[in-house]
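Shown here: protein_0.cif, mmCIF, C-alpha atoms and all ligand atoms.
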data_my_file
#
loop_
_atom_site.label_atom_id
_atom_site.label_comp_id
_atom_site.auth_asym_id
_atom_site.auth_seq_id
_atom_site.Cartn_x
_atom_site.Cartn_y
_atom_site.Cartn_z
CA MET J 91 5.10 -14.41 -9.58
CA ASP J 92 3.28 -14.48 -6.27
CA THR J 93 -0.45 -14.71 -6.19
CA ASP J 94 -1.90 -11.30 -5.59
CA ASP J 95 -2.83 -10.59 -1.97
CA ARG J 96 -6.32 -9.64 -3.07
CA ALA J 97 -6.85 -12.98 -4.77
CA ILE J 98 -5.92 -14.78 -1.56
CA VAL J 99 -8.23 -12.58 0.48
CA GLU J 100 -11.04 -13.39 -1.90
CA ALA J 101 -10.34 -17.12 -1.65
CA VAL J 102 -10.39 -16.91 2.16
CA LEU J 103 -13.65 -14.97 2.07
CA ASN J 104 -15.06 -17.67 -0.21
CA GLY J 105 -14.53 -20.21 2.53
CA HIS J 106 -10.96 -21.40 1.85
CA GLN J 107 -9.79 -20.65 5.37
CA HIS J 108 -6.47 -22.51 5.03
CA ARG J 109 -5.30 -20.09 2.36
CA TYR J 110 -4.98 -17.41 5.02
CA ALA J 111 -1.70 -19.17 5.91
CA GLU J 112 -0.23 -17.73 2.71
CA LEU J 113 -0.87 -14.20 3.90
CA VAL J 114 0.53 -14.97 7.34
CA GLY J 115 3.64 -16.48 5.78
CA ARG J 116 4.05 -13.52 3.50
CA TYR J 117 3.82 -10.83 6.18
CA GLN J 118 4.89 -12.50 9.41
CA SER J 119 8.46 -11.26 9.27
CA GLN J 120 7.50 -7.64 8.55
CA ILE J 121 4.83 -7.64 11.26
CA VAL J 122 7.01 -9.27 13.92
CA ASN J 123 9.90 -6.91 13.18
CA TYR J 124 7.60 -3.91 13.28
CA VAL J 125 5.90 -4.90 16.53
CA CYS J 126 9.16 -5.90 18.16
CA ARG J 127 10.74 -2.53 17.39
CA MET J 128 7.66 -0.78 18.68
CA LEU J 129 7.40 -2.78 21.91
CA GLY J 130 11.07 -3.58 22.45
CA ASN J 131 10.46 -7.15 23.57
CA TYR J 132 10.54 -10.30 21.45
CA GLU J 133 8.12 -12.56 23.34
CA ASP J 134 5.51 -9.83 23.66
CA ALA J 135 5.99 -8.94 20.02
CA VAL J 136 5.40 -12.52 18.87
CA ASP J 137 2.24 -12.81 20.98
CA LEU J 138 0.90 -9.49 19.77
CA SER J 139 1.77 -10.34 16.16
CA GLN J 140 -0.35 -13.48 16.43
CA ASP J 141 -3.21 -11.41 17.82
CA ILE J 142 -2.80 -9.00 14.92
CA PHE J 143 -3.11 -11.77 12.32
CA LEU J 144 -6.16 -13.11 14.14
CA LYS J 145 -7.74 -9.67 14.25
CA ALA J 146 -7.00 -9.21 10.57
CA TYR J 147 -8.68 -12.54 9.84
CA SER J 148 -11.80 -11.59 11.76
CA ALA J 149 -11.94 -8.23 10.01
CA LEU J 150 -11.09 -9.60 6.56
CA ALA J 151 -14.57 -8.95 5.16
CA THR J 152 -14.06 -5.23 5.80
CA TYR J 153 -10.88 -5.11 3.71
CA GLN J 154 -11.43 -2.94 0.66
CA PRO J 155 -9.45 -4.23 -2.30
CA ARG J 156 -8.77 -0.75 -3.63
CA TYR J 157 -6.14 -0.32 -0.88
CA PRO J 158 -2.93 -2.36 -0.76
CA PHE J 159 -3.34 -5.27 1.62
CA ALA J 160 -0.06 -4.43 3.39
CA ALA J 161 -1.30 -0.95 4.29
CA TRP J 162 -4.55 -2.35 5.67
CA LEU J 163 -2.73 -5.02 7.69
CA PHE J 164 -0.27 -2.49 9.07
CA ARG J 165 -3.09 -0.21 10.14
CA ILE J 166 -4.40 -3.07 12.28
CA ALA J 167 -0.89 -3.81 13.54
CA ARG J 168 -0.32 -0.20 14.35
CA ASN J 169 -3.53 0.16 16.38
CA ALA J 170 -2.69 -3.01 18.28
CA ALA J 171 0.86 -1.86 19.02
CA ILE J 172 -0.26 1.56 20.16
CA ASP J 173 -2.98 0.08 22.37
CA GLU J 174 -0.41 -2.22 23.92
CA LEU J 175 2.00 0.66 24.55
CA ARG J 176 -0.77 2.74 26.11
CA ARG J 177 -1.91 -0.20 28.20
CA ARG J 178 1.57 -0.68 29.56
CA ARG J 179 2.26 3.01 30.10
CA VAL J 180 5.96 2.34 29.81
CA PRO J 181 7.71 4.46 32.44
CA THR J 182 9.89 7.06 30.76
CA VAL J 183 12.94 9.06 31.74
CA SER J 184 14.45 12.14 30.18
CA LEU J 185 17.93 12.06 28.71
CA ASP J 186 20.30 14.95 29.07
CA ALA J 187 21.39 15.66 25.54
CA PRO J 188 18.10 16.17 23.79
CA ILE J 189 17.79 15.84 20.07
CA GLU J 190 16.33 18.93 18.52
CA PHE J 191 13.47 18.34 16.17
CA GLU J 192 12.28 20.86 13.67
CA ASP J 193 8.87 21.06 15.22
CA GLY J 194 10.29 21.89 18.62
CA THR J 195 9.97 18.39 20.06
CA GLY J 196 13.11 19.13 22.00
CA SER J 197 13.88 17.37 25.23
CA ARG J 198 11.79 14.30 24.85
CA GLU J 199 10.64 11.32 26.74
CA VAL J 200 12.72 8.24 26.31
CA ALA J 201 11.62 4.72 27.04
CA SER J 202 13.62 3.45 29.97
CA LEU J 203 14.09 0.09 28.27
CA GLY J 204 17.34 0.99 26.55
CA PRO J 205 20.75 0.74 28.11
CA ALA J 206 22.06 3.63 30.18
CA PRO J 207 23.62 6.42 28.09
CA ASP J 208 27.14 5.87 29.38
CA THR J 209 27.25 2.12 28.81
CA MET J 210 30.30 0.88 26.91
CA TYR J 211 29.40 -0.96 23.77
CA LEU J 212 31.16 -3.99 22.49
CA GLU J 213 31.44 -5.10 18.92
CA GLY J 214 28.25 -6.98 18.04
CA GLU J 215 26.11 -4.78 20.19
CA PHE J 216 25.43 -2.39 17.35
CA GLU J 217 22.03 -3.88 16.88
CA ASP J 218 21.03 -3.29 20.49
CA ARG J 219 22.34 0.25 20.31
CA ILE J 220 20.41 0.99 17.17
CA SER J 221 17.31 -0.64 18.55
CA ALA J 222 17.59 1.40 21.76
CA ALA J 223 18.19 4.60 19.82
CA VAL J 224 15.08 3.93 17.77
CA GLN J 225 13.11 3.17 20.92
CA ALA J 226 14.22 6.54 22.24
CA LEU J 227 12.70 8.47 19.33
CA PRO J 228 9.39 10.21 19.92
CA GLU J 229 6.55 8.02 18.66
CA LYS J 230 5.78 10.35 15.77
CA TYR J 231 9.27 9.73 14.36
CA ARG J 232 9.74 6.20 15.60
CA GLU J 233 6.73 4.80 13.80
CA PRO J 234 7.65 5.79 10.26
CA ILE J 235 11.31 4.86 10.69
CA VAL J 236 10.31 1.46 12.07
CA LEU J 237 7.87 0.92 9.22
CA ARG J 238 10.61 1.86 6.76
CA HIS J 239 13.52 -0.08 8.20
CA ALA J 240 12.05 -2.84 10.36
CA ALA J 241 8.96 -3.60 8.29
CA ASP J 242 10.64 -2.71 5.00
CA LEU J 243 7.63 -0.81 3.67
CA SER J 244 7.99 1.70 0.84
CA TYR J 245 7.29 5.39 1.44
CA GLU J 246 3.96 4.95 -0.35
CA GLU J 247 2.94 2.00 1.82
CA ILE J 248 3.89 3.89 4.97
CA ALA J 249 1.81 6.87 3.86
CA ASP J 250 -1.15 4.52 3.35
CA ALA J 251 -0.66 2.76 6.68
CA LEU J 252 -0.28 5.98 8.66
CA GLU J 253 -2.88 7.82 6.58
CA LEU J 254 -0.44 10.70 6.11
CA PRO J 255 0.70 12.57 3.00
CA ILE J 256 3.84 11.05 1.54
CA GLY J 257 5.72 14.34 2.00
CA THR J 258 5.06 14.23 5.74
CA VAL J 259 6.24 10.64 5.89
CA LYS J 260 9.49 11.50 4.12
CA THR J 261 10.11 14.50 6.36
CA ARG J 262 9.60 12.44 9.49
CA ILE J 263 11.83 9.66 8.27
CA PHE J 264 14.58 12.13 7.36
CA ARG J 265 14.29 13.87 10.75
CA ALA J 266 14.39 10.51 12.51
CA ARG J 267 17.49 9.49 10.58
CA GLU J 268 19.14 12.75 11.45
CA ALA J 269 18.45 12.11 15.12
CA LEU J 270 19.79 8.57 14.82
CA ARG J 271 22.95 9.71 13.03
CA ARG J 272 23.62 12.01 15.94
CA SER J 273 22.82 9.65 18.76
CA LEU J 274 24.79 6.85 17.09
CA THR J 275 27.79 8.99 16.11
CA ASP J 276 30.21 6.93 18.19
CA LEU J 277 29.21 3.74 16.37
CA PHE J 278 30.62 5.15 13.18
CA GLU J 279 33.48 7.21 14.49
CA ASN J 280 36.24 4.75 13.67
CA GLU J 281 34.74 3.95 10.31
CA SER J 282 34.61 7.35 8.71
CA PRO J 283 35.71 10.84 9.58
CA VAL J 284 32.50 12.33 8.22
CA VAL J 285 29.99 12.65 10.99
CA ALA J 286 26.48 13.79 10.34
CA GLY J 287 25.64 17.06 11.97
CA ALA J 288 29.21 17.72 13.08
CA GLU J 289 30.56 21.14 12.26
CA THR J 290 33.46 20.92 9.84
CA SER J 291 36.22 23.37 10.61
CA MET B 67 37.25 19.57 -2.16
CA SER B 68 34.12 21.58 -1.59
CA ASP B 69 33.31 22.91 1.83
CA HIS B 70 29.53 22.57 1.85
CA ARG B 71 27.66 20.26 4.18
CA PRO B 72 26.42 17.13 2.43
CA ASP B 73 22.65 16.77 2.14
CA TYR B 74 22.16 13.48 3.94
CA ASP B 75 18.42 13.35 3.27
CA ARG B 76 19.03 13.51 -0.44
CA LEU B 77 21.90 11.04 -0.26
CA SER B 78 19.83 8.51 1.66
CA ALA B 79 16.91 8.93 -0.74
CA TYR B 80 19.41 8.39 -3.58
CA ILE B 81 20.65 5.17 -2.01
CA GLU B 82 17.07 3.96 -1.57
CA GLY B 83 16.27 4.77 -5.19
CA ALA B 84 13.56 7.15 -4.01
CA LEU B 85 14.70 10.16 -6.05
CA SER B 86 13.19 11.30 -9.32
CA PRO B 87 15.25 10.52 -12.45
CA ASP B 88 16.24 14.20 -12.69
CA ALA B 89 17.34 14.41 -9.08
CA THR B 90 19.21 11.13 -9.50
CA ARG B 91 21.08 12.44 -12.54
CA TRP B 92 21.86 15.67 -10.73
CA ILE B 93 23.31 13.92 -7.72
CA GLU B 94 25.35 11.52 -9.84
CA LEU B 95 26.92 14.44 -11.68
CA HIS B 96 27.61 16.16 -8.38
CA LEU B 97 29.15 13.04 -6.84
CA GLU B 98 31.60 12.83 -9.72
CA LYS B 99 33.16 16.12 -8.73
CA CYS B 100 32.56 16.36 -4.98
CA GLU B 101 34.70 14.31 -2.68
CA THR B 102 32.89 15.51 0.46
CA CYS B 103 29.64 14.09 -0.85
CA ARG B 104 31.29 10.86 -2.02
CA GLU B 105 32.56 10.29 1.51
CA ALA B 106 29.19 11.24 2.92
CA LEU B 107 27.54 8.78 0.53
CA GLU B 108 29.74 5.97 1.77
CA HIS B 109 29.01 6.94 5.32
CA GLU B 110 25.31 7.08 4.65
CA SER B 111 25.31 3.64 2.99
CA ARG B 112 26.93 2.17 6.05
CA PHE B 113 24.48 3.99 8.25
CA LEU B 114 21.47 2.67 6.33
CA GLU B 115 22.97 -0.80 6.37
CA ARG B 116 23.26 -0.58 10.15
CA ILE B 117 19.71 0.70 10.49
CA GLY B 118 18.71 -2.22 8.29
CA SER B 119 19.60 -4.50 11.19
CA LEU B 120 16.23 -3.44 12.57
CA ARG B 121 14.66 -6.06 10.33
CA SER B 122 16.85 -8.88 11.55
CA ILE B 123 14.28 -10.44 13.85
CA GLU B 124 13.06 -13.86 12.81
CA PRO B 125 9.57 -14.97 13.79
CA PRO B 126 9.48 -18.39 15.50
CA LEU B 127 9.44 -21.25 12.99
CA ASP B 128 5.95 -22.30 14.04
CA PHE B 129 4.52 -18.80 13.80
CA THR B 130 2.17 -19.43 10.86
CA GLU B 131 1.12 -22.76 12.34
CA ALA B 132 0.29 -21.12 15.67
CA VAL B 133 -1.75 -18.39 14.00
CA MET B 134 -3.60 -20.90 11.82
CA ALA B 135 -4.43 -23.06 14.86
CA ARG B 136 -6.21 -20.05 16.31
CA VAL B 137 -7.78 -19.13 12.98
CA ALA B 138 -9.15 -22.68 12.71
CA GLN B 139 -11.19 -22.05 15.85
CA GLN B 140 -12.99 -19.27 13.98
CA PRO B 141 -15.77 -20.16 11.60
CA ALA B 142 -14.73 -20.15 7.96
CA PHE B 143 -16.26 -17.40 5.85
CA GLN B 144 -19.29 -18.49 3.86
CA PRO B 145 -19.08 -17.83 0.14
CA PRO B 146 -21.65 -15.12 -0.62
CA ALA B 147 -24.94 -16.66 -1.74
CA GLU B 148 -26.05 -15.88 -5.26
CA VAL B 149 -29.09 -13.58 -4.92
CA PRO B 150 -31.75 -14.92 -7.30
CA TRP B 151 -33.03 -11.61 -8.67
CA ARG B 152 -29.54 -10.50 -9.48
CA LYS B 153 -28.97 -13.67 -11.43
CA VAL B 154 -32.22 -12.95 -13.27
CA ALA B 155 -31.09 -9.38 -13.84
CA GLY B 156 -27.82 -10.62 -15.30
CA TRP B 157 -29.60 -12.98 -17.65
CA SER B 158 -32.19 -10.48 -18.75
CA VAL B 159 -29.51 -7.98 -19.59
CA GLY B 160 -27.78 -10.62 -21.67
CA LEU B 161 -31.05 -11.42 -23.36
CA ALA B 162 -31.86 -7.76 -24.02
CA ALA B 163 -28.42 -7.22 -25.49
CA SER B 164 -28.74 -10.24 -27.78
CA LEU B 165 -32.22 -9.15 -28.83
CA ALA B 166 -30.99 -5.69 -29.63
CA ALA B 167 -28.21 -7.17 -31.74
CA VAL B 168 -30.64 -9.37 -33.65
CA LEU B 169 -33.06 -6.50 -34.18
CA GLY B 170 -30.24 -4.29 -35.35
CA LEU B 171 -29.14 -6.88 -37.84
CA GLY B 172 -32.71 -7.30 -39.00
CA ALA B 173 -33.17 -3.59 -39.46
CA TRP B 174 -29.99 -3.38 -41.46
CA VAL B 175 -30.99 -6.23 -43.71
CA ALA B 176 -34.45 -4.73 -44.23
CA ILE B 177 -33.18 -1.26 -44.94
CA SER B 178 -30.41 -2.32 -47.26
CA SER B 179 -32.78 -4.51 -49.27
CA GLU B 180 -34.13 -3.28 -52.63
CA ALA B 181 -37.30 -1.94 -51.01
CA VAL B 182 -35.40 1.03 -49.64
CA VAL B 183 -32.60 2.55 -51.65
CA GLY B 184 -30.30 5.51 -51.84
CA ALA B 185 -29.63 8.22 -49.32
CA ASN B 186 -32.81 7.43 -47.41
CA ALA B 187 -31.41 4.12 -46.32
CA THR B 188 -28.55 5.68 -44.41
CA GLY B 189 -30.80 8.17 -42.67
CA LEU B 190 -33.31 5.50 -41.73
CA LEU B 191 -30.63 3.18 -40.43
CA SER B 192 -29.05 5.95 -38.39
CA SER B 193 -32.36 6.60 -36.65
CA ALA B 194 -32.95 2.90 -36.16
CA ILE B 195 -29.51 2.40 -34.69
CA THR B 196 -29.72 5.40 -32.41
CA GLY B 197 -33.12 4.24 -31.24
CA LEU B 198 -31.83 0.76 -30.56
CA ALA B 199 -28.81 2.04 -28.67
CA GLU B 200 -30.99 4.24 -26.54
CA ALA B 201 -33.38 1.38 -25.97
CA SER B 202 -30.57 -0.91 -24.89
CA SER B 203 -29.23 1.75 -22.52
CA PHE B 204 -32.74 2.17 -21.18
CA VAL B 205 -33.17 -1.57 -20.63
CA ILE B 206 -29.88 -1.67 -18.83
CA SER B 207 -30.71 1.35 -16.68
CA THR B 208 -34.01 -0.22 -15.73
CA VAL B 209 -32.51 -3.57 -14.89
CA GLY B 210 -29.74 -1.80 -13.04
CA GLY B 211 -32.27 0.58 -11.52
CA PHE B 212 -31.81 -1.32 -8.30
CA LEU B 213 -28.14 -0.41 -8.39
CA SER B 214 -27.07 3.17 -8.65
CA PRO B 215 -23.55 2.42 -9.99
CA ALA B 216 -25.16 0.36 -12.76
CA MET B 217 -27.33 3.28 -13.65
CA ALA B 218 -24.42 5.65 -13.71
CA LEU B 219 -22.44 3.29 -15.89
CA ALA B 220 -25.39 2.81 -18.24
CA ARG B 221 -25.64 6.57 -18.60
CA VAL B 222 -21.95 6.86 -19.31
CA GLY B 223 -22.35 4.02 -21.80
CA GLY B 224 -25.31 5.80 -23.37
CA THR B 225 -23.40 9.04 -23.75
CA ILE B 226 -20.43 7.30 -25.31
CA VAL B 227 -22.81 5.54 -27.67
CA LEU B 228 -24.51 8.75 -28.80
CA GLY B 229 -21.12 10.33 -29.37
CA LEU B 230 -20.08 7.35 -31.45
CA PHE B 231 -23.24 7.63 -33.53
CA ASP B 232 -22.58 11.21 -34.33
CA LEU B 233 -19.23 10.08 -35.64
CA ALA B 234 -20.70 7.12 -37.49
CA ARG B 235 -23.73 8.93 -38.92
CA ASN B 236 -21.92 9.87 -42.08
CA SER B 237 -20.13 6.59 -42.50
CA GLY B 238 -21.10 3.54 -44.44
CA LEU B 239 -23.60 0.95 -43.26
CA ALA B 240 -20.92 -1.54 -42.31
CA VAL B 241 -19.33 0.98 -39.93
CA GLN B 242 -22.71 1.73 -38.40
CA LEU B 243 -23.44 -1.93 -37.91
CA GLY B 244 -20.04 -2.36 -36.30
CA VAL B 245 -20.74 0.51 -33.95
CA LEU B 246 -24.10 -1.01 -33.04
CA LEU B 247 -22.59 -4.38 -32.22
CA ALA B 248 -19.73 -2.78 -30.27
CA THR B 249 -22.22 -0.70 -28.32
CA VAL B 250 -24.42 -3.59 -27.38
CA THR B 251 -21.40 -5.63 -26.38
CA LEU B 252 -19.95 -2.75 -24.36
CA ASN B 253 -23.22 -2.18 -22.55
CA TYR B 254 -23.52 -5.87 -21.85
CA VAL B 255 -19.97 -6.18 -20.50
CA LEU B 256 -20.28 -3.04 -18.37
CA THR B 257 -23.50 -4.24 -16.82
CA ARG B 258 -22.14 -7.70 -16.07
CA MET B 259 -19.12 -6.06 -14.44
CA VAL B 260 -21.32 -3.94 -12.23
CA LEU B 261 -23.50 -6.89 -11.29
CA ASN B 262 -20.45 -8.99 -10.41
CA TYR B 263 -19.02 -6.14 -8.39
CA GLN B 264 -22.31 -5.68 -6.53
CA ARG B 265 -22.50 -9.40 -5.85
CA ARG B 266 -19.09 -9.30 -4.20
CA GLN B 267 -19.99 -6.47 -1.83
ZN ZN T 1 29.06 17.88 -2.43
#
What is this file in structure tokens?
Ligand SMILES: [Zn+2]
Amino acid sequence: MDTDDRAIVEAVLNGHQHRYAELVGRYQSQIVNYVCRMLGNYEDAVDLSQDIFLKAYSALATYQPRYPFAAWLFRIARNAAIDELRRRRVPTVSLDAPIEFEDGTGSREVASLGPAPDTMYLEGEFEDRISAAVQALPEKYREPIVLRHAADLSYEEIADALELPIGTVKTRIFRAREALRRSLTDLFENESPVVAGAETS
Amino acid sequence: MSDHRPDYDRLSAYIEGALSPDATRWIELHLEKCETCREALEHESRFLERIGSLRSIEPPLDFTEAVMARVAQQPAFQPPAEVPWRKVAGWSVGLAASLAAVLGLGAWVAISSEAVVGANATGLLSSAITGLAEASSFVISTVGGFLSPAMALARVGGTIVLGLFDLARNSGLAVQLGVLLATVTLNYVLTRMVLNYQRRQ
């Protein structure tokens, strides 16, 4: 069984600086995946992830053990990622076929990083397609879906990290999946006749 | 084959194991008889698997090393210094508790000796024990007077104690003695816990 995160934090706070490496090792993959899906660029994501772990180290004394460490770390990661996105002010374009969201977030802004809508996709490019489709989601939906599927957090951990009720988190994740099922329909077309959102006649 | 539209949210939550046991049982029963939903389930599994490719990014092999190189430039945290008066407080609580235990034992021995006999003995001992318990709570409150959580805990302890005495009042001397010892120990442990907690803050 792994040593509890809290025990490691306490050791670090007691002067055992090197033990922080255990926390970095434990969360590096989740953080890098999360940041990369938020920023859309690997090199930037790795740099920012390092900054995040450094920030977390500097702020470690403010960590309150009654919260899960992952949620606390992801709150730092999230602020850093959002700051970076704001700083960049990624130019956005509007796509034609908007995805309807329940709350009326209809025609939405889409990061221009993804491939053009009419690009042909080859086998093996699924990942890029999915990544681009996620990038295209409004931030409110992108964040929870990225935390769920890129960072592999549970619904509870996401609720803690985003400081939202768990019901809201679930709703947003379900809406995001619905949007992804629609925008990725063609990826699945030859695999199964059942297509999410399609009207069955 | 039923003609309803599958509930993809529920199916995905089912795949993730995020449904309640009741909802899980319900959906399993439904899947047994509904081909539409079985197909949808397969489709949804594939979909989630695809979305799972969002966590496929590997951090660079030297990621932890790079973070720790930067962490090493930060000063290590200093273990919190033991504050002398708190140490004294801890010891005096221990001392008070031990004293109370000894006094309690003494009182019991005195009262149960031939000098005092019969029903009087039980009444006297009850008063003595209640007095001692209150005294020990008071000592602890005073010592913990610097710390409001300690005070609150001491009060809770005191209330529990008085409740226990009401229960024990009509019992034999051995039970009363047991309650006394348990009380003193409980108070002592609670106070040490609070002091340790305070020290860590
Ligand atoms: Zn069905």
Q | Contact set, chain J to chain B: 6 Å, only C-alpha atoms, as a PyMOL selection string | A | chain J and resi 103-105+107+114+119+123+140+239-240+264
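Taking CA of Arg165 (chain J) and CA of Gly257 (chain J) as endpoints, the distance between them is 18.9 Å.
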Q. What is the CA of Leu129 (chain J)-CA of Ala111 (chain J) distance in Å, reported with one decimal?
A. 24.6 Å
Q. What is the distance between CA of Val125 (chain J) and CA of Ala241 (chain J), in Å to one decimal?
A.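 If I compute the distance from CA of Val125 (chain J) to CA of Ala241 (chain J), I get 8.9 Å.
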Q: Identify, on the basis of all atoms listed in the file, every residue whose closest approach to Glu268 (chain J) does not exceed 9 Å; exclude the query and any residue fewer than 2 positions from it along the same chain; express the result as a PyMOL selection string.
A: (chain J and resi 263-266+270-273+286-287) or (chain B and resi 74-75)
Q) Around (9.6, -0.9, 15.0) in the file's frame, which residues reach within 6 Å when counting all atoms listed in the file? Return as a ChimeraX atom specification? A) /J:124-128,236,240
Q | Nearest to ligand ZN 1 (chain T) by atom-to-atom distance, counting all atoms listed in the file, from B:Leu247, B:Thr90, B:Lys99, B:Tyr80 | A |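 Among B:Leu247, B:Thr90, B:Lys99, B:Tyr80, it is B:Lys99 that comes nearest to ligand ZN 1 (chain T).
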Using only the atoms of region 122-136 of chain J listed in the file, plus 6 Å on each side, state the axis-aligned box centre and edge lengths in Å rounded to one decimal, as AutoDock Vina command-line options.
--center_x 8.2 --center_y -6.7 --center_z 18.4 --size_x 17.7 --size_y 23.8 --size_z 22.5
Q) Residues at most 8 Å from Leu163 (chain J), counting all atoms listed in the file, excluding those fewer than 4 positions away in the same chain, as a list of chain:residue names? A)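 Non-adjacent residues within range: J:Ala146, J:Phe159, J:Ala167.
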(Q) Let me make sure I understand: among B:Arg258, B:Arg91, B:Ala240, B:Leu97, which one has the smallest atom-to-atom distance to ligand ZN 1 (chain T) if we use all atoms listed in the file? (A) B:Leu97
Q: Return the single residue from B:Cys100, B:Ser111, B:Leu252, B:Leu95 that is closest to Leu77 (chain B), with distances computed using only C-alpha atoms.
A: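 That would be B:Ser111, the residue with the smallest distance to Leu77 (chain B).
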**Q.** Nearest residue to ligand ZN 1 (chain T) from the set B:Asp128, B:Leu243, B:Ser86, B:His96 (distances using all atoms listed in the file)
**A.**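 The shortest atom-to-atom distance to ligand ZN 1 (chain T) comes from B:His96.
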Q) Pick from B:Val255, B:Ile81, B:Glu101, B:Glu94: nearest to ligand ZN 1 (chain T), with only C-alpha atoms and all ligand atoms counted? A)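 Of B:Val255, B:Ile81, B:Glu101, B:Glu94, the one nearest ligand ZN 1 (chain T) is B:Glu101, counting only C-alpha atoms and all ligand atoms.
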